[in-house]
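Chemist: What follows is coords20.txt, made up of compact mmCIF, N, CA and C atoms:
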# COMPACT_ATOMS: atom_id res chain seq x y z
N GLN A 1 18.04 3.95 -26.77
CA GLN A 1 18.49 2.60 -26.51
C GLN A 1 19.56 2.58 -25.45
N VAL A 2 19.48 1.60 -24.59
CA VAL A 2 20.49 1.41 -23.55
C VAL A 2 21.09 0.03 -23.74
N GLN A 3 22.40 -0.01 -23.80
CA GLN A 3 23.08 -1.30 -23.83
C GLN A 3 23.68 -1.59 -22.48
N LEU A 4 23.50 -2.81 -22.01
CA LEU A 4 23.94 -3.21 -20.69
C LEU A 4 24.88 -4.40 -20.81
N VAL A 5 26.01 -4.33 -20.11
CA VAL A 5 27.00 -5.41 -20.16
C VAL A 5 27.38 -5.81 -18.75
N GLU A 6 27.05 -7.05 -18.40
CA GLU A 6 27.35 -7.57 -17.07
C GLU A 6 28.74 -8.20 -17.04
N SER A 7 29.30 -8.22 -15.84
CA SER A 7 30.57 -8.91 -15.60
C SER A 7 30.66 -9.25 -14.13
N GLY A 8 31.65 -10.07 -13.79
CA GLY A 8 31.90 -10.36 -12.39
C GLY A 8 31.42 -11.71 -11.91
N GLY A 9 30.74 -12.45 -12.76
CA GLY A 9 30.29 -13.76 -12.35
C GLY A 9 31.45 -14.73 -12.19
N GLY A 10 31.16 -15.89 -11.62
CA GLY A 10 32.20 -16.88 -11.45
C GLY A 10 31.73 -18.01 -10.58
N SER A 11 32.68 -18.84 -10.14
CA SER A 11 32.38 -19.98 -9.29
C SER A 11 32.98 -19.74 -7.91
N VAL A 12 32.16 -19.93 -6.89
CA VAL A 12 32.62 -19.76 -5.51
C VAL A 12 32.02 -20.86 -4.65
N GLN A 13 32.61 -21.03 -3.49
CA GLN A 13 32.06 -21.98 -2.53
C GLN A 13 31.01 -21.29 -1.67
N ALA A 14 30.13 -22.08 -1.11
CA ALA A 14 29.10 -21.54 -0.23
C ALA A 14 29.75 -20.72 0.88
N GLY A 15 29.12 -19.58 1.17
CA GLY A 15 29.67 -18.66 2.15
C GLY A 15 30.57 -17.59 1.56
N GLY A 16 30.92 -17.74 0.30
CA GLY A 16 31.79 -16.78 -0.35
C GLY A 16 31.04 -15.57 -0.87
N SER A 17 31.78 -14.69 -1.53
CA SER A 17 31.22 -13.43 -2.03
C SER A 17 31.62 -13.19 -3.48
N LEU A 18 30.76 -12.46 -4.17
CA LEU A 18 31.04 -11.99 -5.51
C LEU A 18 30.43 -10.60 -5.67
N ARG A 19 30.99 -9.80 -6.56
CA ARG A 19 30.39 -8.53 -6.91
C ARG A 19 30.17 -8.49 -8.41
N LEU A 20 28.93 -8.37 -8.79
CA LEU A 20 28.57 -8.25 -10.19
C LEU A 20 28.53 -6.79 -10.59
N SER A 21 28.92 -6.52 -11.83
CA SER A 21 28.87 -5.17 -12.37
C SER A 21 28.04 -5.16 -13.64
N CYS A 22 27.43 -4.03 -13.91
CA CYS A 22 26.64 -3.85 -15.13
C CYS A 22 26.95 -2.46 -15.67
N ALA A 23 27.66 -2.42 -16.77
CA ALA A 23 28.03 -1.15 -17.39
C ALA A 23 26.97 -0.74 -18.40
N ALA A 24 26.48 0.48 -18.26
CA ALA A 24 25.46 1.00 -19.17
C ALA A 24 26.08 1.91 -20.22
N SER A 25 25.49 1.90 -21.41
CA SER A 25 26.03 2.70 -22.51
C SER A 25 25.64 4.17 -22.44
N THR A 26 24.70 4.48 -21.55
CA THR A 26 24.25 5.84 -21.42
C THR A 26 24.03 6.16 -19.96
N TYR A 27 23.82 7.44 -19.68
CA TYR A 27 23.63 7.85 -18.29
C TYR A 27 22.28 7.34 -17.80
N THR A 28 22.34 6.57 -16.72
CA THR A 28 21.13 5.93 -16.21
C THR A 28 20.79 6.30 -14.78
N TYR A 29 21.71 6.93 -14.09
CA TYR A 29 21.58 7.09 -12.64
C TYR A 29 20.28 7.80 -12.25
N SER A 30 19.95 8.90 -12.92
CA SER A 30 18.82 9.70 -12.46
C SER A 30 17.54 9.44 -13.24
N ASP A 31 17.62 8.66 -14.33
CA ASP A 31 16.45 8.53 -15.19
C ASP A 31 15.91 7.11 -15.31
N TYR A 32 16.67 6.14 -14.84
CA TYR A 32 16.28 4.75 -15.06
C TYR A 32 16.14 4.00 -13.74
N ILE A 33 15.18 3.10 -13.71
CA ILE A 33 15.11 2.10 -12.66
C ILE A 33 16.00 0.95 -13.11
N MET A 34 16.90 0.54 -12.24
CA MET A 34 17.86 -0.50 -12.57
C MET A 34 17.63 -1.71 -11.67
N ALA A 35 17.84 -2.89 -12.23
CA ALA A 35 17.53 -4.08 -11.45
C ALA A 35 18.44 -5.24 -11.83
N TRP A 36 18.50 -6.20 -10.92
CA TRP A 36 19.16 -7.47 -11.18
C TRP A 36 18.10 -8.57 -11.11
N PHE A 37 18.18 -9.45 -12.09
CA PHE A 37 17.34 -10.63 -12.14
C PHE A 37 18.25 -11.86 -12.23
N ARG A 38 17.68 -13.02 -11.98
CA ARG A 38 18.45 -14.25 -12.15
C ARG A 38 17.53 -15.35 -12.66
N GLN A 39 18.16 -16.29 -13.34
CA GLN A 39 17.41 -17.42 -13.88
C GLN A 39 18.23 -18.69 -13.75
N ALA A 40 17.70 -19.62 -12.99
CA ALA A 40 18.33 -20.92 -12.84
C ALA A 40 17.76 -21.87 -13.90
N PRO A 41 18.49 -22.92 -14.26
CA PRO A 41 17.99 -23.87 -15.26
C PRO A 41 16.63 -24.44 -14.87
N GLY A 42 15.71 -24.38 -15.81
CA GLY A 42 14.38 -24.92 -15.57
C GLY A 42 13.46 -24.05 -14.75
N LYS A 43 13.93 -22.86 -14.40
CA LYS A 43 13.10 -21.96 -13.59
C LYS A 43 12.86 -20.65 -14.32
N GLU A 44 11.85 -19.93 -13.87
CA GLU A 44 11.56 -18.63 -14.46
C GLU A 44 12.57 -17.58 -13.96
N ARG A 45 12.72 -16.54 -14.77
CA ARG A 45 13.57 -15.44 -14.35
C ARG A 45 12.90 -14.70 -13.20
N GLU A 46 13.66 -14.44 -12.15
CA GLU A 46 13.10 -13.81 -10.97
C GLU A 46 13.88 -12.55 -10.60
N GLY A 47 13.15 -11.59 -10.06
CA GLY A 47 13.79 -10.36 -9.62
C GLY A 47 14.57 -10.58 -8.34
N VAL A 48 15.76 -9.99 -8.28
CA VAL A 48 16.63 -10.12 -7.12
C VAL A 48 16.69 -8.80 -6.35
N ALA A 49 16.94 -7.71 -7.06
CA ALA A 49 17.08 -6.42 -6.40
C ALA A 49 16.82 -5.31 -7.39
N VAL A 50 16.28 -4.22 -6.89
CA VAL A 50 15.95 -3.05 -7.71
C VAL A 50 16.45 -1.80 -7.01
N ILE A 51 16.90 -0.83 -7.81
CA ILE A 51 17.27 0.47 -7.26
C ILE A 51 16.61 1.54 -8.11
N TYR A 52 15.95 2.46 -7.45
CA TYR A 52 15.23 3.52 -8.15
C TYR A 52 16.15 4.70 -8.46
N PRO A 53 15.75 5.55 -9.40
CA PRO A 53 16.61 6.65 -9.82
C PRO A 53 17.15 7.48 -8.67
N GLY A 54 18.43 7.79 -8.76
CA GLY A 54 19.07 8.55 -7.71
C GLY A 54 19.33 7.76 -6.46
N GLY A 55 19.07 6.47 -6.52
CA GLY A 55 19.27 5.63 -5.33
C GLY A 55 18.26 5.91 -4.24
N ILE A 56 17.12 6.47 -4.61
CA ILE A 56 16.15 6.91 -3.61
C ILE A 56 15.57 5.75 -2.81
N SER A 57 15.48 4.58 -3.42
CA SER A 57 14.99 3.42 -2.70
C SER A 57 15.48 2.14 -3.36
N THR A 58 15.46 1.08 -2.58
CA THR A 58 15.86 -0.24 -3.08
C THR A 58 14.84 -1.27 -2.62
N ILE A 59 14.75 -2.32 -3.40
CA ILE A 59 13.87 -3.44 -3.07
C ILE A 59 14.65 -4.72 -3.26
N TYR A 60 14.44 -5.67 -2.37
CA TYR A 60 15.13 -6.95 -2.47
C TYR A 60 14.13 -8.10 -2.39
N ALA A 61 14.45 -9.15 -3.10
CA ALA A 61 13.70 -10.38 -2.92
C ALA A 61 13.97 -10.92 -1.52
N ASP A 62 12.98 -11.56 -0.93
CA ASP A 62 13.13 -12.09 0.42
C ASP A 62 14.31 -13.05 0.51
N SER A 63 14.57 -13.79 -0.55
CA SER A 63 15.61 -14.81 -0.52
C SER A 63 17.03 -14.24 -0.43
N VAL A 64 17.18 -12.94 -0.70
CA VAL A 64 18.53 -12.36 -0.69
C VAL A 64 18.68 -11.22 0.32
N LYS A 65 17.61 -10.87 1.00
CA LYS A 65 17.68 -9.78 1.97
C LYS A 65 18.73 -10.06 3.02
N GLY A 66 19.54 -9.05 3.31
CA GLY A 66 20.58 -9.19 4.32
C GLY A 66 21.87 -9.79 3.78
N ARG A 67 21.85 -10.29 2.54
CA ARG A 67 23.04 -10.88 1.95
C ARG A 67 23.51 -10.13 0.71
N PHE A 68 22.58 -9.60 -0.06
CA PHE A 68 22.91 -8.89 -1.30
C PHE A 68 22.67 -7.40 -1.12
N THR A 69 23.49 -6.60 -1.83
CA THR A 69 23.33 -5.15 -1.81
C THR A 69 23.45 -4.62 -3.23
N ILE A 70 22.43 -3.88 -3.65
CA ILE A 70 22.46 -3.24 -4.97
C ILE A 70 22.90 -1.80 -4.81
N SER A 71 23.72 -1.33 -5.75
CA SER A 71 24.17 0.05 -5.72
C SER A 71 24.41 0.54 -7.14
N HIS A 72 24.49 1.85 -7.27
CA HIS A 72 24.58 2.47 -8.60
C HIS A 72 25.58 3.60 -8.53
N ASP A 73 26.66 3.50 -9.26
CA ASP A 73 27.69 4.53 -9.28
C ASP A 73 27.40 5.49 -10.44
N ASN A 74 26.99 6.71 -10.12
CA ASN A 74 26.60 7.65 -11.18
C ASN A 74 27.80 8.17 -11.95
N THR A 75 29.00 8.10 -11.38
CA THR A 75 30.17 8.59 -12.09
C THR A 75 30.66 7.59 -13.14
N LYS A 76 30.27 6.34 -12.99
CA LYS A 76 30.75 5.31 -13.91
C LYS A 76 29.64 4.69 -14.74
N ASN A 77 28.39 5.16 -14.53
CA ASN A 77 27.25 4.54 -15.22
C ASN A 77 27.25 3.03 -15.01
N THR A 78 27.53 2.63 -13.80
CA THR A 78 27.66 1.20 -13.51
C THR A 78 26.78 0.81 -12.33
N LEU A 79 26.09 -0.29 -12.52
CA LEU A 79 25.26 -0.88 -11.47
C LEU A 79 26.03 -2.05 -10.86
N TYR A 80 25.89 -2.23 -9.56
CA TYR A 80 26.58 -3.32 -8.88
C TYR A 80 25.60 -4.18 -8.10
N LEU A 81 26.02 -5.41 -7.88
CA LEU A 81 25.32 -6.29 -6.95
C LEU A 81 26.37 -6.99 -6.11
N GLN A 82 26.49 -6.57 -4.87
CA GLN A 82 27.41 -7.23 -3.93
C GLN A 82 26.68 -8.41 -3.31
N MET A 83 27.24 -9.58 -3.48
CA MET A 83 26.60 -10.80 -2.99
C MET A 83 27.49 -11.45 -1.94
N ASN A 84 27.00 -11.53 -0.72
CA ASN A 84 27.74 -12.13 0.38
C ASN A 84 27.02 -13.37 0.88
N ASN A 85 27.76 -14.19 1.60
CA ASN A 85 27.19 -15.42 2.16
C ASN A 85 26.40 -16.19 1.10
N LEU A 86 27.04 -16.43 -0.01
CA LEU A 86 26.37 -17.09 -1.12
C LEU A 86 26.00 -18.52 -0.77
N LYS A 87 24.88 -18.96 -1.34
CA LYS A 87 24.36 -20.29 -1.11
C LYS A 87 24.23 -21.03 -2.45
N PRO A 88 24.24 -22.35 -2.42
CA PRO A 88 24.08 -23.09 -3.68
C PRO A 88 22.82 -22.70 -4.45
N GLU A 89 21.77 -22.34 -3.74
CA GLU A 89 20.53 -21.95 -4.41
C GLU A 89 20.62 -20.59 -5.10
N ASP A 90 21.73 -19.88 -4.91
CA ASP A 90 21.95 -18.63 -5.64
C ASP A 90 22.53 -18.88 -7.03
N THR A 91 22.86 -20.13 -7.32
CA THR A 91 23.40 -20.47 -8.64
C THR A 91 22.40 -20.15 -9.74
N ALA A 92 22.82 -19.33 -10.69
CA ALA A 92 21.94 -18.90 -11.77
C ALA A 92 22.70 -18.00 -12.73
N MET A 93 22.06 -17.71 -13.86
CA MET A 93 22.54 -16.64 -14.73
C MET A 93 21.93 -15.35 -14.20
N TYR A 94 22.76 -14.36 -14.01
CA TYR A 94 22.31 -13.08 -13.47
C TYR A 94 22.28 -12.05 -14.59
N TYR A 95 21.15 -11.33 -14.65
CA TYR A 95 20.93 -10.33 -15.69
C TYR A 95 20.69 -8.95 -15.08
N CYS A 96 21.24 -7.97 -15.76
CA CYS A 96 20.99 -6.58 -15.44
C CYS A 96 19.84 -6.10 -16.32
N ALA A 97 18.98 -5.23 -15.78
CA ALA A 97 17.86 -4.72 -16.55
C ALA A 97 17.63 -3.25 -16.22
N ALA A 98 17.02 -2.55 -17.17
CA ALA A 98 16.77 -1.12 -16.98
C ALA A 98 15.40 -0.75 -17.53
N ARG A 99 14.81 0.24 -16.87
CA ARG A 99 13.51 0.76 -17.30
C ARG A 99 13.53 2.28 -17.16
N ARG A 100 13.07 2.94 -18.19
CA ARG A 100 12.91 4.39 -18.11
C ARG A 100 11.43 4.68 -17.95
N GLY A 101 11.08 5.35 -16.89
CA GLY A 101 9.68 5.64 -16.63
C GLY A 101 9.29 5.15 -15.26
N PRO A 102 8.20 5.67 -14.74
CA PRO A 102 7.77 5.30 -13.39
C PRO A 102 7.32 3.86 -13.30
N LEU A 103 7.47 3.31 -12.11
CA LEU A 103 7.04 1.94 -11.86
C LEU A 103 6.76 1.81 -10.37
N PRO A 104 5.53 1.53 -10.01
CA PRO A 104 5.23 1.36 -8.58
C PRO A 104 6.11 0.29 -7.98
N SER A 105 6.47 0.48 -6.74
CA SER A 105 7.42 -0.43 -6.10
C SER A 105 6.92 -1.86 -6.06
N ARG A 106 5.59 -2.05 -6.05
CA ARG A 106 5.08 -3.41 -5.97
C ARG A 106 5.36 -4.19 -7.26
N TYR A 107 5.73 -3.49 -8.32
CA TYR A 107 6.07 -4.14 -9.58
C TYR A 107 7.58 -4.17 -9.83
N GLY A 108 8.34 -3.65 -8.90
CA GLY A 108 9.76 -3.45 -9.13
C GLY A 108 10.54 -4.71 -9.48
N LEU A 109 10.13 -5.83 -8.93
CA LEU A 109 10.83 -7.09 -9.20
C LEU A 109 10.17 -7.91 -10.31
N GLY A 110 9.25 -7.28 -11.02
CA GLY A 110 8.57 -7.97 -12.11
C GLY A 110 9.34 -7.87 -13.41
N ARG A 111 9.67 -8.99 -14.00
CA ARG A 111 10.53 -9.00 -15.19
C ARG A 111 9.86 -8.39 -16.41
N ASN A 112 8.54 -8.33 -16.44
CA ASN A 112 7.84 -7.85 -17.62
C ASN A 112 7.86 -6.33 -17.76
N TYR A 113 8.38 -5.63 -16.78
CA TYR A 113 8.31 -4.18 -16.78
C TYR A 113 9.60 -3.49 -17.22
N TYR A 114 10.57 -4.28 -17.64
CA TYR A 114 11.87 -3.72 -18.00
C TYR A 114 12.09 -3.79 -19.50
N ASN A 115 12.66 -2.70 -20.03
CA ASN A 115 12.80 -2.58 -21.48
C ASN A 115 14.15 -3.06 -22.00
N TYR A 116 15.16 -2.97 -21.18
CA TYR A 116 16.52 -3.24 -21.63
C TYR A 116 17.16 -4.31 -20.75
N TRP A 117 17.87 -5.21 -21.42
CA TRP A 117 18.48 -6.34 -20.72
C TRP A 117 19.91 -6.56 -21.18
N GLY A 118 20.76 -7.01 -20.26
CA GLY A 118 22.09 -7.43 -20.62
C GLY A 118 22.08 -8.89 -21.04
N GLN A 119 23.28 -9.40 -21.35
CA GLN A 119 23.39 -10.77 -21.86
C GLN A 119 23.54 -11.80 -20.73
N GLY A 120 23.83 -11.32 -19.53
CA GLY A 120 23.91 -12.21 -18.39
C GLY A 120 25.33 -12.59 -18.02
N THR A 121 25.50 -12.94 -16.75
CA THR A 121 26.77 -13.45 -16.25
C THR A 121 26.47 -14.59 -15.29
N GLN A 122 27.21 -15.68 -15.42
CA GLN A 122 26.91 -16.90 -14.67
C GLN A 122 27.52 -16.86 -13.28
N VAL A 123 26.72 -17.23 -12.30
CA VAL A 123 27.19 -17.39 -10.92
C VAL A 123 26.92 -18.84 -10.50
N THR A 124 27.96 -19.50 -10.04
CA THR A 124 27.84 -20.89 -9.60
C THR A 124 28.38 -21.00 -8.19
N VAL A 125 27.56 -21.51 -7.29
CA VAL A 125 27.94 -21.65 -5.88
C VAL A 125 27.92 -23.13 -5.52
N SER A 126 29.05 -23.62 -5.09
CA SER A 126 29.16 -25.03 -4.73
C SER A 126 29.11 -25.21 -3.22
N SER A 127 28.58 -26.34 -2.81
CA SER A 127 28.43 -26.60 -1.37
C SER A 127 29.68 -27.26 -0.80
Written as structure tokens, how would this file's structure read?
Modeler:
Amino acid sequence: QVQLVESGGGSVQAGGSLRLSCAASTYTYSDYIMAWFRQAPGKEREGVAVIYPGGISTIYADSVKGRFTISHDNTKNTLYLQMNNLKPEDTAMYYCAARRGPLPSRYGLGRNYYNYWGQGTQVTVSS
């Protein structure tokens, strides 16, 4: 079992930045695929960014490419999402997720493929 705890959410104005953190209860760097998802009111949960074990590769949703960066600190068992140039449409609850086992990259942003989820942290971007 992996427990995930997100933090770092908040309210910012458009153009601002936030860094989300996700602390894992166990070592995840080399064995787990880690990801960030988000869910806005009335919408489905969508994949934002994925990082494969050892940081070997990353995948981003088109809507956040060039603005968000996912990273994984193996010394702290912590996943990060640096979010720059935030837009009102980025407003959502952000969730950290983890999967142990292989997953083709074409499924990396698919919410159905992850076994462990955090409780979420709210991000609100005002115009």
Chemist: My list of candidates is A:Val123, A:Leu18, A:Val64, A:Ala49. Which is closest to A:Gly108 when distances are computed with only N, CA and C atoms?
Modeler: A:Ala49
Chemist: Tell me which of A:Leu4, A:Ile70, A:Gly118, A:Thr26 sits closest to A:Tyr52, counting only C-alpha atoms.
Modeler: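 With only C-alpha atoms as the atom set, the closest residue is A:Ile70.
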Chemist: Which residues are near A:Ile56? Cut-off 12 Å, only C-alpha atoms, ignore same chain within fewer than 2 positions. Put them as a PyMOL selection string.
Modeler: chain A and resi 29-34+50-54+58-59+71-72+105
Chemist: Might you pull out every residue within 8 Å of A:Lys87, with only N, CA and C atoms counted and same-chain residues fewer than 6 positions away left off, and present them as a VMD selection string?
Modeler: chain A and resid 13 to 16 124 to 127
Chemist: What is the atom CA of A:Leu86 to atom CA of A:Lys65 distance in Å?
Modeler: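 Between atom CA of A:Leu86 and atom CA of A:Lys65 the gap is 11.8 Å.
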Chemist: Write down as a ChimeraX atom specification the residues belonging to chain A that are assigned helix (DSSP H, G or I) by DSSP computed on the backbone.
Modeler: /A:53-55,88-90,105-107,111-113
Chemist: Write out as a PyMOL selection string which residues come within 7 Å of A:Arg111 when counting all atoms listed in the file, dropping same-chain ones fewer than 2 positions away.
Modeler: chain A and resi 45-47+107-109+113-114
Chemist: Could you tell me how far atom N of A:Gln3 sits from atom N of A:Arg99, in Å to one decimal place?
Modeler: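 Going from atom N of A:Arg99 over to atom N of A:Gln3, I get 10.3 Å.
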Chemist: Hey, can you check how far atom CA of A:Pro88 sits from atom CA of A:Ser7?
Modeler: 19.6 Å
Chemist: Can you list, as a CSV table (one decimal) with N, CA and C atoms, in the frame of the given file, every protein, DNA or RNA residue that comes within 6 Å of A:Phe37 when you count all atoms listed in the file, leaving out same-chain residues fewer than 2 positions away?
Modeler:
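Saved result, result.csv, follows:
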chain,number,residue,atom,x,y,z
A,35,ALA,N,17.8,-2.9,-12.2
A,35,ALA,CA,17.5,-4.1,-11.4
A,35,ALA,C,18.4,-5.2,-11.8
A,39,GLN,N,18.2,-16.3,-13.3
A,39,GLN,CA,17.4,-17.4,-13.9
A,39,GLN,C,18.2,-18.7,-13.8
A,46,GLU,N,13.7,-14.4,-12.2
A,46,GLU,CA,13.1,-13.8,-11.0
A,46,GLU,C,13.9,-12.6,-10.6
A,47,GLY,N,13.2,-11.6,-10.1
A,47,GLY,CA,13.8,-10.4,-9.6
A,47,GLY,C,14.6,-10.6,-8.3
A,48,VAL,N,15.8,-10.0,-8.3
A,48,VAL,CA,16.6,-10.1,-7.1
A,48,VAL,C,16.7,-8.8,-6.4
A,49,ALA,N,16.9,-7.7,-7.1
A,49,ALA,CA,17.1,-6.4,-6.4
A,49,ALA,C,16.8,-5.3,-7.4
A,93,MET,N,22.1,-17.7,-13.9
A,93,MET,CA,22.5,-16.6,-14.7
A,93,MET,C,21.9,-15.4,-14.2
A,94,TYR,N,22.8,-14.4,-14.0
A,94,TYR,CA,22.3,-13.1,-13.5
A,94,TYR,C,22.3,-12.0,-14.6
A,95,TYR,N,21.2,-11.3,-14.6
A,95,TYR,CA,20.9,-10.3,-15.7
A,95,TYR,C,20.7,-9.0,-15.1
A,96,CYS,N,21.2,-8.0,-15.8
A,96,CYS,CA,21.0,-6.6,-15.4
A,96,CYS,C,19.8,-6.1,-16.3
A,97,ALA,N,19.0,-5.2,-15.8
A,97,ALA,CA,17.9,-4.7,-16.6
A,97,ALA,C,17.6,-3.2,-16.2
Chemist: Given the choices A:Ser25, A:Arg19, A:Pro41, A:Gly110, which gets closest to A:Tyr80 if the distance is worked out from all atoms listed in the file?
Modeler: A:Arg19
Chemist: If we count all atoms listed in the file and set the cut-off at 6.5 Å, which residues sit around A:Thr69, ignoring sequence neighbours fewer than 4 positions away in its own chain? Please answer as a list in words.
Modeler: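 After dropping sequence-adjacent residues, the list is Tyr80, Leu81, Gln82, Met83 and Asn84 of chain A.
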